[in-house]
file upload_19.cif (mmCIF, C-alpha atoms)
data_work
loop_
_atom_site.group_PDB
_atom_site.id
_atom_site.type_symbol
_atom_site.label_atom_id
_atom_site.label_comp_id
_atom_site.auth_asym_id
_atom_site.auth_seq_id
_atom_site.Cartn_x
_atom_site.Cartn_y
_atom_site.Cartn_z
ATOM 1 C CA MET A 1 -254.386 -38.954 12.034
ATOM 2 C CA GLU A 2 -255.891 -36.283 14.249
ATOM 3 C CA SER A 3 -259.643 -36.254 14.800
ATOM 4 C CA TYR A 4 -261.721 -33.160 14.079
ATOM 5 C CA PRO A 5 -261.879 -32.109 17.766
ATOM 6 C CA GLU A 6 -258.108 -32.595 18.026
ATOM 7 C CA LYS A 7 -257.615 -30.342 14.978
ATOM 8 C CA VAL A 8 -259.788 -27.652 16.568
ATOM 9 C CA GLU A 9 -257.810 -27.876 19.810
ATOM 10 C CA ALA A 10 -254.483 -27.781 17.924
ATOM 11 C CA ALA A 11 -255.496 -24.631 16.040
ATOM 12 C CA LEU A 12 -256.701 -22.995 19.244
ATOM 13 C CA ALA A 13 -253.530 -23.896 21.162
ATOM 14 C CA TRP A 14 -251.421 -22.423 18.325
ATOM 15 C CA LEU A 15 -253.395 -19.171 18.405
ATOM 16 C CA LYS A 16 -253.274 -18.894 22.193
ATOM 17 C CA GLU A 17 -249.488 -19.092 22.088
ATOM 18 C CA ARG A 18 -249.411 -15.992 19.887
ATOM 19 C CA VAL A 19 -252.430 -14.041 21.128
ATOM 20 C CA PRO A 20 -252.288 -13.443 24.894
ATOM 21 C CA ASP A 21 -255.835 -12.098 25.344
ATOM 22 C CA ARG A 22 -259.055 -13.776 24.336
ATOM 23 C CA PRO A 23 -261.048 -11.565 21.945
ATOM 24 C CA LEU A 24 -264.432 -10.267 23.005
ATOM 25 C CA ALA A 25 -265.849 -10.778 19.515
ATOM 26 C CA ALA A 26 -265.090 -12.618 16.289
ATOM 27 C CA ILE A 27 -266.040 -10.569 13.226
ATOM 28 C CA VAL A 28 -266.226 -12.420 9.908
ATOM 29 C CA LEU A 29 -265.950 -10.272 6.792
ATOM 30 C CA GLY A 30 -267.649 -11.379 3.591
ATOM 31 C CA SER A 31 -266.822 -10.686 -0.051
ATOM 32 C CA GLY A 32 -265.313 -7.237 -0.564
ATOM 33 C CA LEU A 33 -265.618 -6.211 3.093
ATOM 34 C CA GLY A 34 -262.061 -6.843 4.272
ATOM 35 C CA SER A 35 -261.175 -3.202 4.922
ATOM 36 C CA LEU A 36 -262.477 -3.302 8.514
ATOM 37 C CA ALA A 37 -259.137 -4.794 9.528
ATOM 38 C CA GLU A 38 -257.505 -1.478 8.595
ATOM 39 C CA ARG A 39 -259.419 0.201 11.445
ATOM 40 C CA LEU A 40 -257.900 -1.998 14.142
ATOM 41 C CA GLU A 41 -255.467 -0.625 16.687
ATOM 42 C CA ASP A 42 -252.273 -2.657 17.190
ATOM 43 C CA PRO A 43 -253.177 -5.094 14.406
ATOM 44 C CA MET A 44 -251.633 -8.556 14.380
ATOM 45 C CA PRO A 45 -252.304 -10.356 11.084
ATOM 46 C CA ILE A 46 -252.054 -14.128 10.772
ATOM 47 C CA PRO A 47 -252.611 -15.808 7.371
ATOM 48 C CA PHE A 48 -254.977 -18.779 7.442
ATOM 49 C CA GLY A 49 -252.254 -20.967 5.956
ATOM 50 C CA GLU A 50 -250.023 -20.560 9.030
ATOM 51 C CA ILE A 51 -252.635 -21.874 11.480
ATOM 52 C CA PRO A 52 -252.680 -25.663 11.888
ATOM 53 C CA HIS A 53 -255.583 -27.289 10.003
ATOM 54 C CA TRP A 54 -257.207 -23.931 9.138
ATOM 55 C CA PRO A 55 -258.812 -24.132 5.678
ATOM 56 C CA VAL A 56 -257.672 -21.461 3.206
ATOM 57 C CA SER A 57 -260.328 -19.656 1.174
ATOM 58 C CA THR A 58 -260.021 -19.402 -2.601
ATOM 59 C CA ALA A 59 -262.978 -17.104 -3.363
ATOM 60 C CA PRO A 60 -262.202 -13.671 -4.901
ATOM 61 C CA GLY A 61 -262.460 -10.800 -2.446
ATOM 62 C CA HIS A 62 -261.329 -12.870 0.546
ATOM 63 C CA ALA A 63 -257.892 -12.003 1.990
ATOM 64 C CA ALA A 64 -257.672 -15.287 3.935
ATOM 65 C CA ARG A 65 -256.203 -14.090 7.217
ATOM 66 C CA LEU A 66 -257.073 -13.325 10.833
ATOM 67 C CA VAL A 67 -256.261 -9.906 12.221
ATOM 68 C CA PHE A 68 -256.197 -9.502 15.999
ATOM 69 C CA GLY A 69 -256.374 -6.043 17.531
ATOM 70 C CA ARG A 70 -258.643 -3.505 19.174
ATOM 71 C CA LEU A 71 -261.767 -1.954 17.710
ATOM 72 C CA ALA A 72 -263.557 0.770 19.691
ATOM 73 C CA GLY A 73 -261.218 -0.141 22.528
ATOM 74 C CA ARG A 74 -262.333 -3.795 22.610
ATOM 75 C CA ARG A 75 -260.263 -6.874 21.844
ATOM 76 C CA VAL A 76 -261.495 -8.484 18.622
ATOM 77 C CA VAL A 77 -260.425 -10.877 15.921
ATOM 78 C CA VAL A 78 -261.362 -9.920 12.378
ATOM 79 C CA GLN A 79 -261.567 -12.820 9.955
ATOM 80 C CA GLN A 80 -260.896 -11.528 6.451
ATOM 81 C CA GLY A 81 -262.718 -14.035 4.304
ATOM 82 C CA ARG A 82 -264.319 -17.419 4.840
ATOM 83 C CA VAL A 83 -264.409 -20.769 3.108
ATOM 84 C CA HIS A 84 -267.576 -21.892 1.349
ATOM 85 C CA TYR A 85 -269.259 -25.211 0.728
ATOM 86 C CA TYR A 86 -269.115 -24.525 -3.027
ATOM 87 C CA GLU A 87 -265.306 -24.442 -2.924
ATOM 88 C CA GLY A 88 -265.362 -28.150 -2.208
ATOM 89 C CA PHE A 89 -264.839 -27.903 1.536
ATOM 90 C CA SER A 90 -266.758 -30.135 3.917
ATOM 91 C CA MET A 91 -269.222 -28.644 6.382
ATOM 92 C CA ARG A 92 -266.708 -29.299 9.146
ATOM 93 C CA GLU A 93 -264.126 -27.258 7.264
ATOM 94 C CA VAL A 94 -266.625 -24.506 6.467
ATOM 95 C CA THR A 95 -267.367 -24.129 10.187
ATOM 96 C CA PHE A 96 -263.859 -24.805 11.495
ATOM 97 C CA SER A 97 -263.226 -21.181 12.458
ATOM 98 C CA ALA A 98 -266.525 -20.951 14.347
ATOM 99 C CA ARG A 99 -265.573 -24.114 16.252
ATOM 100 C CA VAL A 100 -262.230 -22.603 17.229
ATOM 101 C CA TYR A 101 -263.838 -19.348 18.383
ATOM 102 C CA GLY A 102 -266.433 -21.277 20.359
ATOM 103 C CA ALA A 103 -263.789 -23.473 21.983
ATOM 104 C CA TRP A 104 -261.945 -20.270 22.920
ATOM 105 C CA LYS A 105 -265.151 -19.119 24.658
ATOM 106 C CA ILE A 106 -265.346 -15.936 22.581
ATOM 107 C CA PRO A 107 -268.793 -14.609 23.555
ATOM 108 C CA TYR A 108 -269.858 -12.744 20.403
ATOM 109 C CA TYR A 109 -269.917 -13.865 16.772
ATOM 110 C CA ILE A 110 -270.590 -11.182 14.136
ATOM 111 C CA PRO A 111 -270.698 -12.551 10.577
ATOM 112 C CA THR A 112 -271.145 -10.252 7.601
ATOM 113 C CA ASN A 113 -271.873 -11.146 4.004
ATOM 114 C CA ALA A 114 -272.785 -9.862 0.565
ATOM 115 C CA SER A 115 -276.231 -10.915 -0.608
ATOM 116 C CA GLY A 116 -278.773 -10.663 -3.364
ATOM 117 C CA GLY A 117 -281.947 -8.783 -2.529
ATOM 118 C CA ILE A 118 -285.109 -10.884 -2.913
ATOM 119 C CA HIS A 119 -287.596 -8.576 -1.211
ATOM 120 C CA HIS A 120 -288.835 -5.865 -3.565
ATOM 121 C CA GLY A 121 -288.286 -3.284 -0.812
ATOM 122 C CA LEU A 122 -284.524 -3.858 -0.752
ATOM 123 C CA ARG A 123 -282.139 -1.818 -2.861
ATOM 124 C CA THR A 124 -278.511 -2.266 -3.846
ATOM 125 C CA GLY A 125 -276.334 -0.943 -1.037
ATOM 126 C CA ASP A 126 -278.874 -1.573 1.743
ATOM 127 C CA ILE A 127 -277.546 -2.988 5.009
ATOM 128 C CA VAL A 128 -279.808 -5.639 6.504
ATOM 129 C CA LEU A 129 -279.860 -7.091 9.995
ATOM 130 C CA VAL A 130 -280.422 -10.819 9.572
ATOM 131 C CA HIS A 131 -283.072 -11.928 12.054
ATOM 132 C CA ASP A 132 -283.638 -15.474 10.760
ATOM 133 C CA HIS A 133 -282.478 -17.873 8.071
ATOM 134 C CA ILE A 134 -283.639 -20.662 5.765
ATOM 135 C CA ASN A 135 -281.140 -23.458 5.185
ATOM 136 C CA LEU A 136 -281.379 -24.750 1.593
ATOM 137 C CA LEU A 137 -277.832 -26.115 1.542
ATOM 138 C CA GLY A 138 -279.129 -29.671 1.723
ATOM 139 C CA THR A 139 -277.033 -30.475 4.778
ATOM 140 C CA ASN A 140 -276.303 -29.354 8.344
ATOM 141 C CA PRO A 141 -272.888 -28.849 9.995
ATOM 142 C CA LEU A 142 -274.034 -30.715 13.126
ATOM 143 C CA ILE A 143 -274.598 -34.017 11.292
ATOM 144 C CA GLY A 144 -272.445 -36.750 12.846
ATOM 145 C CA PRO A 145 -271.430 -37.620 16.415
ATOM 146 C CA ASN A 146 -272.128 -34.829 18.904
ATOM 147 C CA ARG A 147 -269.472 -33.573 21.300
ATOM 148 C CA GLU A 148 -271.377 -32.712 24.458
ATOM 149 C CA GLU A 149 -268.743 -30.296 25.753
ATOM 150 C CA TRP A 150 -269.315 -28.234 22.592
ATOM 151 C CA GLY A 151 -273.088 -28.184 22.752
ATOM 152 C CA PRO A 152 -276.341 -30.187 22.918
ATOM 153 C CA ARG A 153 -277.330 -32.821 20.396
ATOM 154 C CA PHE A 154 -280.436 -30.829 19.403
ATOM 155 C CA PRO A 155 -279.674 -27.107 19.774
ATOM 156 C CA ASP A 156 -282.554 -24.635 19.721
ATOM 157 C CA LEU A 157 -282.303 -22.036 16.937
ATOM 158 C CA VAL A 158 -285.334 -19.920 17.894
ATOM 159 C CA SER A 159 -282.976 -17.153 18.995
ATOM 160 C CA ALA A 160 -280.075 -18.054 16.721
ATOM 161 C CA TYR A 161 -279.801 -14.346 15.932
ATOM 162 C CA ASP A 162 -279.602 -12.774 19.371
ATOM 163 C CA PRO A 163 -282.559 -10.396 19.990
ATOM 164 C CA GLU A 164 -280.609 -8.186 22.395
ATOM 165 C CA LEU A 165 -277.726 -7.798 19.949
ATOM 166 C CA GLN A 166 -280.192 -6.892 17.200
ATOM 167 C CA LEU A 167 -281.501 -4.047 19.336
ATOM 168 C CA LEU A 168 -277.942 -2.867 20.018
ATOM 169 C CA ALA A 169 -277.160 -2.971 16.291
ATOM 170 C CA GLU A 170 -280.256 -0.909 15.511
ATOM 171 C CA GLU A 171 -279.265 1.578 18.203
ATOM 172 C CA ALA A 172 -275.761 1.825 16.722
ATOM 173 C CA ALA A 173 -277.271 2.341 13.265
ATOM 174 C CA ARG A 174 -279.430 5.244 14.480
ATOM 175 C CA GLU A 175 -276.465 6.871 16.197
ATOM 176 C CA ASN A 176 -274.448 6.655 12.975
ATOM 177 C CA GLY A 177 -277.227 7.802 10.661
ATOM 178 C CA ILE A 178 -277.416 4.414 8.923
ATOM 179 C CA LEU A 179 -280.676 2.963 7.635
ATOM 180 C CA LEU A 180 -280.726 -0.626 8.900
ATOM 181 C CA LYS A 181 -283.405 -2.969 7.630
ATOM 182 C CA ARG A 182 -284.331 -6.458 8.854
ATOM 183 C CA GLY A 183 -284.633 -9.606 6.793
ATOM 184 C CA THR A 184 -284.505 -13.391 6.515
ATOM 185 C CA TYR A 185 -281.484 -14.861 4.732
ATOM 186 C CA VAL A 186 -281.698 -18.013 2.607
ATOM 187 C CA ALA A 187 -278.542 -19.996 1.831
ATOM 188 C CA PHE A 188 -278.051 -21.890 -1.424
ATOM 189 C CA THR A 189 -274.896 -23.875 -2.141
ATOM 190 C CA GLY A 190 -273.742 -22.004 -5.255
ATOM 191 C CA PRO A 191 -271.389 -21.432 -6.956
ATOM 192 C CA SER A 192 -273.890 -20.755 -9.737
ATOM 193 C CA PHE A 193 -276.192 -17.866 -9.009
ATOM 194 C CA GLU A 194 -279.801 -18.872 -8.418
ATOM 195 C CA THR A 195 -282.320 -19.140 -11.234
ATOM 196 C CA PRO A 196 -285.268 -16.735 -11.399
ATOM 197 C CA ALA A 197 -287.562 -19.636 -10.478
ATOM 198 C CA GLU A 198 -285.474 -20.414 -7.399
ATOM 199 C CA ILE A 199 -285.665 -16.774 -6.324
ATOM 200 C CA ARG A 200 -289.458 -16.796 -6.740
ATOM 201 C CA MET A 201 -289.565 -19.957 -4.607
ATOM 202 C CA ALA A 202 -287.377 -18.351 -1.934
ATOM 203 C CA ARG A 203 -289.628 -15.288 -1.834
ATOM 204 C CA ILE A 204 -292.681 -17.524 -1.342
ATOM 205 C CA LEU A 205 -290.839 -19.260 1.513
ATOM 206 C CA GLY A 206 -290.334 -15.901 3.235
ATOM 207 C CA ALA A 207 -286.734 -15.046 2.339
ATOM 208 C CA ASP A 208 -285.608 -11.448 1.851
ATOM 209 C CA LEU A 209 -281.931 -12.083 1.054
ATOM 210 C CA VAL A 210 -280.018 -14.839 -0.728
ATOM 211 C CA GLY A 211 -276.408 -15.915 -0.384
ATOM 212 C CA MET A 212 -273.990 -18.830 -0.225
ATOM 213 C CA SER A 213 -272.550 -18.583 3.295
ATOM 214 C CA THR A 214 -273.176 -17.648 6.951
ATOM 215 C CA VAL A 215 -275.900 -20.185 7.831
ATOM 216 C CA PRO A 216 -273.563 -23.105 8.711
ATOM 217 C CA GLU A 217 -271.358 -20.807 10.805
ATOM 218 C CA VAL A 218 -274.333 -19.449 12.712
ATOM 219 C CA ILE A 219 -275.605 -22.952 13.486
ATOM 220 C CA VAL A 220 -272.209 -23.953 14.875
ATOM 221 C CA ALA A 221 -271.702 -20.687 16.751
ATOM 222 C CA ARG A 222 -275.052 -21.131 18.485
ATOM 223 C CA HIS A 223 -274.302 -24.809 19.146
ATOM 224 C CA MET A 224 -271.248 -23.653 21.080
ATOM 225 C CA GLY A 225 -273.096 -20.942 22.998
ATOM 226 C CA MET A 226 -271.892 -17.864 21.132
ATOM 227 C CA ARG A 227 -274.224 -14.903 20.726
ATOM 228 C CA VAL A 228 -274.744 -14.016 17.066
ATOM 229 C CA CYS A 229 -275.465 -10.767 15.239
ATOM 230 C CA ALA A 230 -275.355 -11.096 11.425
ATOM 231 C CA LEU A 231 -275.235 -8.198 8.970
ATOM 232 C CA SER A 232 -275.737 -8.411 5.219
ATOM 233 C CA CYS A 233 -274.991 -5.934 2.434
ATOM 234 C CA VAL A 234 -277.285 -6.117 -0.584
ATOM 235 C CA ALA A 235 -274.906 -6.263 -3.543
ATOM 236 C CA ASN A 236 -277.514 -6.657 -6.272
ATOM 237 C CA PRO A 237 -281.132 -7.551 -6.919
ATOM 238 C CA ALA A 238 -281.520 -11.338 -7.019
ATOM 239 C CA ALA A 239 -281.775 -13.297 -10.263
ATOM 240 C CA GLY A 240 -284.675 -12.433 -12.544
ATOM 241 C CA MET A 241 -285.635 -9.199 -10.782
ATOM 242 C CA THR A 242 -284.021 -6.785 -13.259
ATOM 243 C CA GLY A 243 -283.302 -8.849 -16.379
ATOM 244 C CA GLN A 244 -279.570 -8.172 -15.900
ATOM 245 C CA SER A 245 -276.907 -10.875 -15.704
ATOM 246 C CA LEU A 246 -275.178 -11.335 -12.331
ATOM 247 C CA THR A 247 -271.397 -11.340 -11.842
ATOM 248 C CA HIS A 248 -269.158 -11.692 -8.804
ATOM 249 C CA GLN A 249 -267.257 -8.556 -9.827
ATOM 250 C CA GLU A 250 -270.522 -6.656 -9.452
ATOM 251 C CA VAL A 251 -270.735 -7.957 -5.896
ATOM 252 C CA LEU A 252 -267.191 -6.834 -5.079
ATOM 253 C CA ASP A 253 -267.694 -3.404 -6.631
ATOM 254 C CA GLU A 254 -270.888 -2.752 -4.682
ATOM 255 C CA MET A 255 -269.381 -3.971 -1.425
ATOM 256 C CA GLU A 256 -266.554 -1.483 -1.829
ATOM 257 C CA LYS A 257 -269.163 1.293 -2.052
ATOM 258 C CA SER A 258 -271.154 0.029 0.935
ATOM 259 C CA SER A 259 -268.298 -0.986 3.183
ATOM 260 C CA ALA A 260 -267.863 2.371 4.926
ATOM 261 C CA SER A 261 -271.393 2.342 6.370
ATOM 262 C CA LEU A 262 -271.169 -1.304 7.410
ATOM 263 C CA LEU A 263 -267.832 -0.769 9.094
ATOM 264 C CA ARG A 264 -269.164 2.203 11.077
ATOM 265 C CA LEU A 265 -272.098 0.061 12.130
ATOM 266 C CA VAL A 266 -269.912 -2.844 13.251
ATOM 267 C CA GLU A 267 -267.652 -0.482 15.181
ATOM 268 C CA GLY A 268 -270.693 1.087 16.845
ATOM 269 C CA LEU A 269 -272.018 -2.340 17.813
ATOM 270 C CA ILE A 270 -268.668 -3.473 19.216
ATOM 271 C CA ARG A 271 -268.572 -0.352 21.389
ATOM 272 C CA LYS A 272 -271.875 -1.412 22.994
ATOM 273 C CA LEU A 273 -270.911 -4.997 23.841
ATOM 274 C CA GLU A 274 -270.562 -5.770 27.498
ATOM 275 C CA GLU A 275 -267.125 -6.896 28.598
ATOM 276 C CA ASP A 276 -268.572 -8.677 31.613
ATOM 277 C CA ARG A 277 -270.498 -11.041 29.325
ATOM 278 C CA ALA A 278 -267.184 -12.503 28.135
#

call {"tool": "encode", "arguments": {"input": "upload_19.cif", "output": "structure tokens"}}
result
Amino acid sequence: MESYPEKVEAALAWLKERVPDRPLAAIVLGSGLGSLAERLEDPMPIPFGEIPHWPVSTAPGHAARLVFGRLAGRRVVVQQGRVHYYEGFSMREVTFSARVYGAWKIPYYIPTNASGGIHHGLRTGDIVLVHDHINLLGTNPLIGPNREEWGPRFPDLVSAYDPELQLLAEEAARENGILLKRGTYVAFTGPSFETPAEIRMARILGADLVGMSTVPEVIVARHMGMRVCALSCVANPAAGMTGQSLTHQEVLDEMEKSSASLLRLVEGLIRKLEEDRA
């Protein structure tokens, strides 16, 4: 039976055989945000299920494929969908794609997600630049033996969300007429939405956004030396803030409305990335 590092290397070797050029950035698309792949030039789609050991997402709104191509003239890989801890996957499976990208030495990691707005200043449809996170998943993807060639045993997360990339994202937002806010993202396991009491707790802790993804990937991406810029779309006010029930269909519907602005922002950011940092 192959070890976890061997599975990562097998997946990477399989991809390298089919994709001649290393992407400059890996862009992960959250619930309802898969349409960015349609903007790629010379797209090359690869379903998750064809890649050795790659976990296949089951969540609604996730197309479960990689699309390689060019965005704003830069080589990128767009990951349409992700797997979540709540689907029953292990943390190693949840972060498998980030491990493969890191092993490929892809310099930039750009995760996006749909979130609930905790801060009273956030509105449905807002795009938020994640500048920090709170991990309430009850676990960490780095638990277990450390592989030194991947990263240090105790990685520093002070700049987990790259300050320079945040400035570039804000610059891209201004150029595209997009209001971009900043916020701290808190991750719960799900799949149940949070209770009103849990949202009040998260607000006291300093969270502005709540979701069920992204944090494990960011930890692993930083462990492997990738530079991270995370963007979140507020799909709805968090539990207990409006008295309305929450549904996943509501999330997908709102993401469809907000996707155009987010996609312009991501494209603007990609255009600003430095090729020589690869």

call {"tool": "closest_residue", "arguments": {"input": "upload_19.cif", "among": "A:Gly225, A:Pro216, A:Gly117, A:Gly30", "to": "Arg182 in chain A", "atoms": "only C-alpha atoms"}}
result
A:Gly117

call {"tool": "resolve_selection", "arguments": {"input": "upload_19.cif", "expression": "the PyMOL selection byres ((chain A and resi 210) around 12)", "output": "VMD selection string"}}
result
chain A and resid 113 to 119 122 128 130 133 to 137 183 to 190 193 to 195 198 to 203 205 to 209 211 to 215 232 to 239

call {"tool": "atom_distance", "arguments": {"input": "upload_19.cif", "atom1": "CA of Gly49 in chain A", "atom2": "CA of Ala11 in chain A"}}
result
11.2 Å

call {"tool": "resolve_selection", "arguments": {"input": "upload_19.cif", "expression": "the PyMOL selection byres ((chain A and resi 57) around 10)", "output": "list of chain:residue names"}}
result
A:Phe48, A:Gly49, A:Trp54, A:Pro55, A:Val56, A:Thr58, A:Ala59, A:Pro60, A:Gly61, A:His62, A:Ala63, A:Ala64, A:Arg65, A:Gln80, A:Gly81, A:Arg82, A:Val83, A:His84, A:Glu87, A:Phe89, A:Val94

call {"tool": "closest_residue", "arguments": {"input": "upload_19.cif", "among": "A:Leu24, A:Ala197, A:Ile51, A:Leu142", "to": "Arg271 in chain A", "atoms": "all atoms listed in the file"}}
result
A:Leu24

call {"tool": "atom_distance", "arguments": {"input": "upload_19.cif", "atom1": "CA of Tyr85 in chain A", "atom2": "CA of Gly144 in chain A"}}
result
17.0 Å
